[in-house]
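Source file start-v2.tsv; content: TSV, N, CA and C atoms.
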chain	number	residue	atom	x	y	z
A	5	MET	N	9.63	15.64	-4.91
A	5	MET	CA	8.21	15.70	-5.22
A	5	MET	C	7.56	14.33	-5.05
A	6	LYS	N	8.32	13.30	-5.40
A	6	LYS	CA	7.79	11.94	-5.29
A	6	LYS	C	7.49	11.59	-3.84
A	7	ASN	N	8.37	12.04	-2.93
A	7	ASN	CA	8.17	11.76	-1.52
A	7	ASN	C	6.93	12.48	-0.98
A	8	LEU	N	6.69	13.69	-1.46
A	8	LEU	CA	5.52	14.45	-1.04
A	8	LEU	C	4.24	13.76	-1.49
A	9	ILE	N	4.24	13.24	-2.70
A	9	ILE	CA	3.06	12.52	-3.20
A	9	ILE	C	2.83	11.25	-2.39
A	10	LEU	N	3.91	10.54	-2.05
A	10	LEU	CA	3.79	9.33	-1.23
A	10	LEU	C	3.21	9.67	0.13
A	11	ARG	N	3.68	10.74	0.76
A	11	ARG	CA	3.16	11.14	2.08
A	11	ARG	C	1.67	11.48	2.00
A	12	PHE	N	1.27	12.17	0.93
A	12	PHE	CA	-0.14	12.51	0.77
A	12	PHE	C	-0.98	11.25	0.60
A	13	ARG	N	-0.50	10.31	-0.21
A	13	ARG	CA	-1.24	9.07	-0.42
A	13	ARG	C	-1.30	8.24	0.86
A	14	MET	N	-0.22	8.26	1.65
A	14	MET	CA	-0.22	7.56	2.94
A	14	MET	C	-1.28	8.16	3.86
A	15	TYR	N	-1.32	9.47	3.93
A	15	TYR	CA	-2.29	10.17	4.78
A	15	TYR	C	-3.72	9.83	4.36
A	16	ARG	N	-3.96	9.88	3.06
A	16	ARG	CA	-5.31	9.62	2.55
A	16	ARG	C	-5.74	8.18	2.79
A	17	LEU	N	-4.84	7.22	2.54
A	17	LEU	CA	-5.18	5.81	2.74
A	17	LEU	C	-5.38	5.49	4.21
A	18	LEU	N	-4.54	6.04	5.07
A	18	LEU	CA	-4.69	5.79	6.51
A	18	LEU	C	-6.01	6.35	7.01
A	19	THR	N	-6.39	7.51	6.53
A	19	THR	CA	-7.68	8.10	6.92
A	19	THR	C	-8.83	7.20	6.47
A	20	LYS	N	-8.77	6.69	5.25
A	20	LYS	CA	-9.83	5.80	4.75
A	20	LYS	C	-9.88	4.51	5.56
A	21	MET	N	-8.72	3.97	5.92
A	21	MET	CA	-8.69	2.72	6.68
A	21	MET	C	-9.23	2.91	8.09
A	22	LEU	N	-8.91	4.02	8.73
A	22	LEU	CA	-9.44	4.28	10.07
A	22	LEU	C	-10.94	4.53	10.04
A	23	ASP	N	-11.43	5.19	8.99
A	23	ASP	CA	-12.88	5.38	8.84
A	23	ASP	C	-13.58	4.05	8.64
A	24	ALA	N	-12.98	3.16	7.86
A	24	ALA	CA	-13.57	1.83	7.65
A	24	ALA	C	-13.61	1.06	8.95
A	25	GLU	N	-12.56	1.18	9.75
A	25	GLU	CA	-12.52	0.47	11.04
A	25	GLU	C	-13.59	1.00	11.98
A	26	ARG	N	-13.80	2.32	11.98
A	26	ARG	CA	-14.83	2.90	12.83
A	26	ARG	C	-16.23	2.47	12.42
A	27	SER	N	-16.44	2.23	11.14
A	27	SER	CA	-17.76	1.83	10.67
A	27	SER	C	-17.99	0.32	10.77
A	28	GLY	N	-17.05	-0.41	11.33
A	28	GLY	CA	-17.24	-1.84	11.56
A	28	GLY	C	-16.65	-2.74	10.49
A	29	LYS	N	-16.03	-2.16	9.48
A	29	LYS	CA	-15.40	-2.96	8.43
A	29	LYS	C	-13.94	-3.20	8.81
A	30	THR	N	-13.27	-4.04	8.04
A	30	THR	CA	-11.85	-4.25	8.27
A	30	THR	C	-11.05	-3.16	7.56
A	31	MET	N	-9.86	-2.92	8.03
A	31	MET	CA	-9.00	-1.92	7.39
A	31	MET	C	-8.60	-2.37	5.99
A	32	LEU	N	-8.54	-3.66	5.79
A	32	LEU	CA	-8.17	-4.21	4.48
A	32	LEU	C	-9.23	-3.90	3.42
A	33	SER	N	-10.48	-3.75	3.85
A	33	SER	CA	-11.55	-3.48	2.88
A	33	SER	C	-11.42	-2.09	2.25
A	34	ALA	N	-10.68	-1.18	2.88
A	34	ALA	CA	-10.51	0.17	2.34
A	34	ALA	C	-9.35	0.26	1.36
A	35	CYS	N	-8.63	-0.86	1.19
A	35	CYS	CA	-7.43	-0.84	0.34
A	35	CYS	C	-7.71	-1.44	-1.03
A	36	ASN	N	-7.03	-0.90	-2.01
A	36	ASN	CA	-7.01	-1.48	-3.34
A	36	ASN	C	-5.64	-2.15	-3.46
A	37	LEU	N	-5.59	-3.45	-3.18
A	37	LEU	CA	-4.31	-4.11	-2.92
A	37	LEU	C	-3.24	-3.99	-3.99
A	38	PRO	N	-3.45	-4.29	-5.21
A	38	PRO	CA	-2.30	-4.18	-6.11
A	38	PRO	C	-1.76	-2.75	-6.19
A	39	LYS	N	-2.66	-1.78	-6.15
A	39	LYS	CA	-2.27	-0.39	-6.30
A	39	LYS	C	-1.65	0.17	-5.01
A	40	ASP	N	-2.17	-0.21	-3.85
A	40	ASP	CA	-1.78	0.39	-2.58
A	40	ASP	C	-0.72	-0.40	-1.82
A	41	LYS	N	-0.12	-1.38	-2.43
A	41	LYS	CA	0.82	-2.23	-1.71
A	41	LYS	C	2.03	-1.44	-1.20
A	42	GLY	N	2.59	-0.58	-2.02
A	42	GLY	CA	3.73	0.23	-1.59
A	42	GLY	C	3.38	1.19	-0.47
A	43	ILE	N	2.19	1.74	-0.52
A	43	ILE	CA	1.73	2.66	0.52
A	43	ILE	C	1.55	1.92	1.83
A	44	LEU	N	1.02	0.69	1.76
A	44	LEU	CA	0.84	-0.11	2.96
A	44	LEU	C	2.18	-0.43	3.62
A	45	PHE	N	3.17	-0.74	2.83
A	45	PHE	CA	4.50	-1.02	3.39
A	45	PHE	C	5.09	0.23	4.02
A	46	ALA	N	4.87	1.39	3.41
A	46	ALA	CA	5.36	2.64	3.98
A	46	ALA	C	4.65	2.94	5.30
A	47	LEU	N	3.35	2.69	5.37
A	47	LEU	CA	2.61	2.89	6.62
A	47	LEU	C	3.07	1.92	7.70
A	48	GLN	N	3.44	0.72	7.30
A	48	GLN	CA	3.94	-0.25	8.26
A	48	GLN	C	5.30	0.19	8.82
A	49	GLU	N	6.13	0.80	7.99
A	49	GLU	CA	7.44	1.25	8.44
A	49	GLU	C	7.36	2.34	9.49
A	50	VAL	N	6.33	3.18	9.44
A	50	VAL	CA	6.19	4.24	10.43
A	50	VAL	C	5.26	3.84	11.58
A	51	ASN	N	4.98	2.56	11.72
A	51	ASN	CA	4.20	1.97	12.82
A	51	ASN	C	2.75	2.47	12.88
A	52	CYS	N	2.17	2.75	11.74
A	52	CYS	CA	0.76	3.14	11.71
A	52	CYS	C	-0.14	1.92	11.61
A	53	ILE	N	0.32	0.90	10.91
A	53	ILE	CA	-0.45	-0.33	10.76
A	53	ILE	C	0.46	-1.53	10.95
A	54	GLU	N	-0.17	-2.66	11.22
A	54	GLU	CA	0.53	-3.94	11.27
A	54	GLU	C	-0.14	-4.86	10.26
A	55	ILE	N	0.67	-5.54	9.47
A	55	ILE	CA	0.16	-6.39	8.41
A	55	ILE	C	0.45	-7.84	8.74
A	56	ASP	N	-0.57	-8.69	8.64
A	56	ASP	CA	-0.41	-10.14	8.80
A	56	ASP	C	-0.47	-10.78	7.43
A	57	TYR	N	0.41	-11.74	7.21
A	57	TYR	CA	0.50	-12.41	5.92
A	57	TYR	C	0.08	-13.86	6.05
A	58	ALA	N	-0.46	-14.38	4.96
A	58	ALA	CA	-0.76	-15.81	4.83
A	58	ALA	C	-0.55	-16.17	3.35
A	59	ASP	N	0.25	-17.17	3.11
A	59	ASP	CA	0.59	-17.60	1.75
A	59	ASP	C	1.15	-16.46	0.91
A	60	ASN	N	2.03	-15.65	1.52
A	60	ASN	CA	2.68	-14.52	0.87
A	60	ASN	C	1.70	-13.47	0.35
A	61	LYS	N	0.52	-13.41	0.93
A	61	LYS	CA	-0.47	-12.39	0.60
A	61	LYS	C	-0.88	-11.67	1.88
A	62	ILE	N	-1.32	-10.45	1.72
A	62	ILE	CA	-1.79	-9.70	2.88
A	62	ILE	C	-3.13	-10.30	3.32
A	63	TRP	N	-3.16	-10.76	4.56
A	63	TRP	CA	-4.34	-11.43	5.08
A	63	TRP	C	-5.17	-10.50	5.95
A	64	PHE	N	-4.51	-9.71	6.77
A	64	PHE	CA	-5.23	-8.86	7.71
A	64	PHE	C	-4.39	-7.63	8.03
A	65	ILE	N	-5.04	-6.50	8.21
A	65	ILE	CA	-4.38	-5.26	8.60
A	65	ILE	C	-5.05	-4.75	9.87
A	66	ARG	N	-4.21	-4.41	10.85
A	66	ARG	CA	-4.75	-3.82	12.08
A	66	ARG	C	-3.99	-2.55	12.41
A	67	ARG	N	-4.57	-1.78	13.30
A	67	ARG	CA	-3.98	-0.52	13.69
A	67	ARG	C	-2.65	-0.75	14.40
A	68	GLY	N	-1.68	0.10	14.11
A	68	GLY	CA	-0.37	0.01	14.75
A	68	GLY	C	-0.32	0.85	16.01
A	69	GLU	N	0.88	1.24	16.39
A	69	GLU	CA	1.07	1.97	17.63
A	69	GLU	C	0.67	3.43	17.55
A	70	LYS	N	0.88	4.08	16.39
A	70	LYS	CA	0.66	5.52	16.35
A	70	LYS	C	0.00	6.04	15.08
A	71	PRO	N	-1.14	5.52	14.68
A	71	PRO	CA	-1.76	6.07	13.47
A	71	PRO	C	-2.31	7.48	13.65
A	72	TYR	N	-2.90	7.75	14.82
A	72	TYR	CA	-3.48	9.07	15.04
A	72	TYR	C	-2.39	10.13	15.22
A	73	LEU	N	-1.29	9.76	15.85
A	73	LEU	CA	-0.17	10.67	15.99
A	73	LEU	C	0.41	11.03	14.63
A	74	TYR	N	0.48	10.05	13.74
A	74	TYR	CA	0.96	10.31	12.38
A	74	TYR	C	0.05	11.29	11.66
A	75	LEU	N	-1.26	11.12	11.78
A	75	LEU	CA	-2.20	12.01	11.12
A	75	LEU	C	-2.08	13.44	11.65
A	76	ILE	N	-1.90	13.58	12.96
A	76	ILE	CA	-1.76	14.90	13.56
A	76	ILE	C	-0.46	15.56	13.10
A	77	GLU	N	0.63	14.79	13.10
A	77	GLU	CA	1.92	15.34	12.67
A	77	GLU	C	1.86	15.80	11.21
A	78	ARG	N	1.26	15.01	10.35
A	78	ARG	CA	1.18	15.36	8.93
A	78	ARG	C	0.35	16.61	8.71
A	79	SER	N	-0.82	16.69	9.37
A	79	SER	CA	-1.68	17.86	9.16
A	79	SER	C	-1.03	19.11	9.76
A	80	GLU	N	-0.35	18.96	10.90
A	80	GLU	CA	0.33	20.10	11.51
A	80	GLU	C	1.48	20.59	10.62
A	81	LEU	N	2.21	19.66	10.05
A	81	LEU	CA	3.31	20.02	9.16
A	81	LEU	C	2.80	20.74	7.92
A	82	LEU	N	1.70	20.28	7.37
A	82	LEU	CA	1.13	20.92	6.20
A	82	LEU	C	0.66	22.34	6.51
A	83	VAL	N	0.00	22.52	7.64
A	83	VAL	CA	-0.47	23.85	8.03
A	83	VAL	C	0.72	24.78	8.25
A	84	ASN	N	1.78	24.28	8.91
A	84	ASN	CA	2.97	25.11	9.13
A	84	ASN	C	3.61	25.53	7.82
A	85	ARG	N	3.66	24.64	6.85
A	85	ARG	CA	4.24	24.98	5.56
A	85	ARG	C	3.42	26.04	4.83
A	86	ILE	N	2.11	25.91	4.88
A	86	ILE	CA	1.25	26.88	4.22
A	86	ILE	C	1.38	28.25	4.86
A	87	ILE	N	1.36	28.29	6.19
A	87	ILE	CA	1.49	29.57	6.90
A	87	ILE	C	2.85	30.20	6.63
A	88	SER	N	3.90	29.40	6.64
A	88	SER	CA	5.24	29.92	6.37
A	88	SER	C	5.34	30.48	4.96
A	89	PHE	N	4.73	29.82	4.01
A	89	PHE	CA	4.75	30.31	2.63
A	89	PHE	C	4.04	31.65	2.52
A	90	ILE	N	2.88	31.77	3.12
A	90	ILE	CA	2.11	33.02	3.07
A	90	ILE	C	2.87	34.14	3.78
A	91	LEU	N	3.45	33.85	4.94
A	91	LEU	CA	4.20	34.88	5.67
A	91	LEU	C	5.46	35.29	4.92
A	92	GLY	N	6.09	34.35	4.23
A	92	GLY	CA	7.27	34.68	3.43
A	92	GLY	C	6.93	35.64	2.31
A	93	ILE	N	5.84	35.39	1.63
A	93	ILE	CA	5.41	36.30	0.55
A	93	ILE	C	5.03	37.66	1.13
A	94	ALA	N	4.29	37.66	2.24
A	94	ALA	CA	3.86	38.92	2.85
A	94	ALA	C	5.06	39.74	3.32
A	95	SER	N	6.03	39.11	3.95
A	95	SER	CA	7.20	39.86	4.42
A	95	SER	C	8.01	40.41	3.26
A	96	THR	N	8.10	39.67	2.18
A	96	THR	CA	8.81	40.18	0.99
A	96	THR	C	8.12	41.41	0.44
A	97	LEU	N	6.81	41.38	0.34
A	97	LEU	CA	6.07	42.53	-0.18
A	97	LEU	C	6.16	43.73	0.75
A	98	ILE	N	6.11	43.50	2.05
A	98	ILE	CA	6.19	44.59	3.02
A	98	ILE	C	7.57	45.24	2.99
A	99	VAL	N	8.62	44.45	2.94
A	99	VAL	CA	9.98	44.99	2.89
A	99	VAL	C	10.19	45.76	1.59
A	100	GLU	N	9.70	45.23	0.50
A	100	GLU	CA	9.83	45.91	-0.79
A	100	GLU	C	9.10	47.26	-0.75
A	101	ALA	N	7.92	47.29	-0.18
A	101	ALA	CA	7.17	48.55	-0.08
A	101	ALA	C	7.89	49.53	0.84
A	102	ALA	N	8.45	49.05	1.94
A	102	ALA	CA	9.17	49.92	2.86
A	102	ALA	C	10.41	50.52	2.20
A	103	ILE	N	11.12	49.74	1.41
A	103	ILE	CA	12.30	50.25	0.71
A	103	ILE	C	11.90	51.33	-0.31
A	104	LYS	N	10.83	51.12	-1.02
A	104	LYS	CA	10.36	52.13	-1.99
A	104	LYS	C	9.95	53.41	-1.29
A	105	ILE	N	9.30	53.29	-0.15
A	105	ILE	CA	8.87	54.47	0.60
A	105	ILE	C	10.10	55.23	1.12
A	106	LEU	N	11.09	54.53	1.63
A	106	LEU	CA	12.28	55.17	2.18
A	106	LEU	C	13.07	55.89	1.09
A	107	PHE	N	13.23	55.29	-0.06
A	107	PHE	CA	14.02	55.92	-1.11
A	107	PHE	C	13.25	57.00	-1.87
A	108	SER	N	11.94	56.93	-1.85
A	108	SER	CA	11.17	57.97	-2.53
A	108	SER	C	11.05	59.22	-1.66
A	109	ALA	N	11.26	59.11	-0.37
A	109	ALA	CA	11.16	60.25	0.54
A	109	ALA	C	12.39	61.14	0.45
A	110	GLN	N	13.50	60.63	-0.06
A	110	GLN	CA	14.73	61.43	-0.10
A	110	GLN	C	14.79	62.30	-1.28

Just give me the structure of the file as C-alpha coordinates.
Amino acid sequence: MKNLILRFRMYRLLTKMLDAERSGKTMLSACNLPKDKGILFALQEVNCIEIDYADNKIWFIRRGEKPYLYLIERSELLVNRIISFILGIASTLIVEAAIKILFSAQ
(Lines of atoms letter the chains of each structure in order from A and count residues from 1; the text may use other names and numbers.)
(Lines give C-alpha, C1' and ligand atoms only; values in the text may rest on other atoms or scores of the structure.)
Protein backbone atom coordinates (compact mmCIF):
# COMPACT_ATOMS: atom_id res chain seq x y z
CA MET A 1 0.00 0.00 0.00
CA LYS A 2 2.88 2.32 0.80
CA ASN A 3 4.30 1.86 -2.70
CA LEU A 4 0.93 2.69 -4.26
CA ILE A 5 0.72 5.92 -2.28
CA LEU A 6 4.27 6.83 -3.33
CA ARG A 7 3.42 6.23 -7.01
CA PHE A 8 0.31 8.40 -6.71
CA ARG A 9 2.28 11.21 -5.06
CA MET A 10 4.99 10.92 -7.74
CA TYR A 11 2.36 11.21 -10.48
CA ARG A 12 0.70 14.20 -8.83
CA LEU A 13 3.97 16.06 -8.17
CA LEU A 14 5.31 15.42 -11.67
CA THR A 15 2.07 16.74 -13.16
CA LYS A 16 2.30 19.90 -11.03
CA MET A 17 5.96 20.42 -11.97
CA LEU A 18 5.28 20.03 -15.70
CA ASP A 19 2.35 22.46 -15.45
CA ALA A 20 4.60 24.97 -13.69
CA GLU A 21 7.21 24.58 -16.43
CA ARG A 22 4.60 25.17 -19.13
CA SER A 23 3.44 28.36 -17.42
CA GLY A 24 6.99 29.77 -17.38
CA LYS A 25 7.91 28.98 -13.78
CA THR A 26 10.64 26.63 -12.64
CA MET A 27 9.84 23.05 -11.73
CA LEU A 28 11.30 23.72 -8.29
CA SER A 29 8.61 26.31 -7.59
CA ALA A 30 5.94 23.56 -7.65
CA CYS A 31 7.69 21.59 -4.90
CA ASN A 32 7.37 21.79 -1.16
CA LEU A 33 10.97 20.83 -0.46
CA PRO A 34 11.08 19.35 3.01
CA LYS A 35 7.91 17.37 2.38
CA ASP A 36 8.58 16.32 -1.24
CA LYS A 37 12.25 15.41 -0.99
CA GLY A 38 11.66 11.65 -1.05
CA ILE A 39 9.29 11.95 -3.99
CA LEU A 40 11.84 14.00 -5.91
CA PHE A 41 14.49 11.34 -5.38
CA ALA A 42 12.05 8.66 -6.57
CA LEU A 43 11.28 10.70 -9.69
CA GLN A 44 14.99 11.11 -10.32
CA GLU A 45 15.49 7.33 -10.11
CA VAL A 46 12.98 6.72 -12.91
CA ASN A 47 14.58 9.45 -15.10
CA CYS A 48 11.63 11.84 -14.99
CA ILE A 49 13.64 14.74 -13.57
CA GLU A 50 17.25 15.75 -13.09
CA ILE A 51 18.27 17.51 -9.90
CA ASP A 52 21.20 19.93 -9.59
CA TYR A 53 22.69 20.51 -6.17
CA ALA A 54 24.58 23.42 -4.65
CA ASP A 55 25.83 23.40 -1.05
CA ASN A 56 24.05 20.06 -0.45
CA LYS A 57 20.69 21.66 -1.28
CA ILE A 58 18.47 21.24 -4.30
CA TRP A 59 19.30 24.18 -6.54
CA PHE A 60 17.50 23.43 -9.79
CA ILE A 61 15.19 20.78 -11.24
CA ARG A 62 14.82 20.14 -14.95
CA ARG A 63 12.93 17.65 -17.05
CA GLY A 64 14.54 14.24 -17.44
CA GLU A 65 14.45 11.82 -20.33
CA LYS A 66 10.94 10.40 -19.95
CA PRO A 67 8.49 12.35 -17.80
CA TYR A 68 5.63 12.16 -20.29
CA LEU A 69 6.19 8.45 -20.88
CA TYR A 70 6.00 7.89 -17.12
CA LEU A 71 2.69 9.78 -16.91
CA ILE A 72 1.22 7.74 -19.77
CA GLU A 73 2.38 4.44 -18.28
CA ARG A 74 0.94 5.29 -14.86
CA SER A 75 -2.45 6.41 -16.19
CA GLU A 76 -2.65 3.39 -18.52
CA LEU A 77 -1.82 1.04 -15.65
CA LEU A 78 -4.47 2.61 -13.45
CA VAL A 79 -7.14 2.33 -16.15
CA ASN A 80 -6.20 -1.32 -16.79
CA ARG A 81 -6.50 -2.12 -13.09
CA ILE A 82 -9.91 -0.47 -12.81
CA ILE A 83 -11.24 -2.24 -15.91
CA SER A 84 -9.87 -5.59 -14.72
CA PHE A 85 -11.50 -5.14 -11.32
CA ILE A 86 -14.89 -4.33 -12.85
CA LEU A 87 -14.67 -7.23 -15.32
CA GLY A 88 -13.66 -9.61 -12.52
CA ILE A 89 -16.73 -8.69 -10.49
CA ALA A 90 -18.98 -8.88 -13.56
CA SER A 91 -17.69 -12.31 -14.60
CA THR A 92 -18.15 -13.63 -11.06
CA LEU A 93 -21.77 -12.45 -11.00
CA ILE A 94 -22.49 -13.83 -14.47
CA VAL A 95 -21.03 -17.25 -13.67
CA GLU A 96 -22.91 -17.38 -10.39
CA ALA A 97 -26.18 -16.53 -12.16
CA ALA A 98 -25.49 -19.13 -14.87
CA ILE A 99 -24.87 -21.83 -12.25
CA LYS A 100 -28.14 -20.99 -10.47
CA ILE A 101 -30.05 -21.10 -13.74
CA LEU A 102 -28.53 -24.47 -14.71
CA PHE A 103 -29.25 -26.13 -11.38
CA SER A 104 -32.73 -24.69 -11.03
CA ALA A 105 -33.74 -26.05 -14.46
CA GLN A 106 -33.16 -29.67 -13.39

Among range 6-110 of chain A, which ones does DSSP assign to alpha helix (DSSP H) (computed from the backbone)? Answer as a VMD selection string.
chain A and resid 6 to 26 37 to 49 71 to 108

Could you work out an axis-aligned bounding box for all listed atoms of range 76-81 of chain A, with 8 Å added on each of the six sides, and give its centre and edge lengths in Å to one decimal, as lines of an AutoDock Vina configuration file?
center_x = 0.7
center_y = 17.2
center_z = 10.7
size_x = 21.2
size_y = 23.2
size_z = 21.6

Per-residue nearest contacts of range 30-66 of chain A to range 10-26 of chain A (8 Å; all atoms listed in the file) as a tab-separated table:
residue	atom	partner	partner_atom	distance
A:Thr30	C	A:Glu25	N	5.1
A:Met31	CA	A:Met21	CA	4.7
A:Leu32	N	A:Met21	CA	6.4
A:Ser33	C	A:Ala24	CA	7.0
A:Ala34	CA	A:Met21	CA	5.4
A:Cys35	N	A:Met21	CA	6.6
A:Ile43	CA	A:Met14	CA	5.8
A:Leu44	N	A:Met14	CA	7.1
A:Ala46	C	A:Met14	CA	7.1
A:Leu47	N	A:Met14	CA	6.5
A:Cys52	C	A:Leu18	CA	7.9

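Here atom C of Gly42 in chain A stands at a distance of 13.4 Å from CA of Leu8 in chain A.
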
Next item on the list: Give me the residues within 6.5 Å of Ile55 in chain A as a VMD selection string, counting only N, CA and C atoms and dropping any in the same chain fewer than 4 places off.
Entry: chain A and resid 48 63 to 66

Of A:Leu75, A:Ser95, A:Ser108, A:Ile9, the one sitting nearest Val50 in chain A when using only C-alpha atoms is A:Leu75

Exercise for the section: Identify all residues of chain A in strand (DSSP E or B) (DSSP on the backbone) and supply them as a list in words. Expected result: Ile53, Glu54, Ile55, Asp56, Tyr57, Ala58, Lys61, Ile62, Trp63, Phe64, Ile65, Arg66 and Arg67 of chain A

Computed gap from CA of Gly68 in chain A to CA of Leu37 in chain A is 18.6 Å

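CA of Lys29 in chain A is positioned 16.2 Å from CA of Ile62 in chain A.
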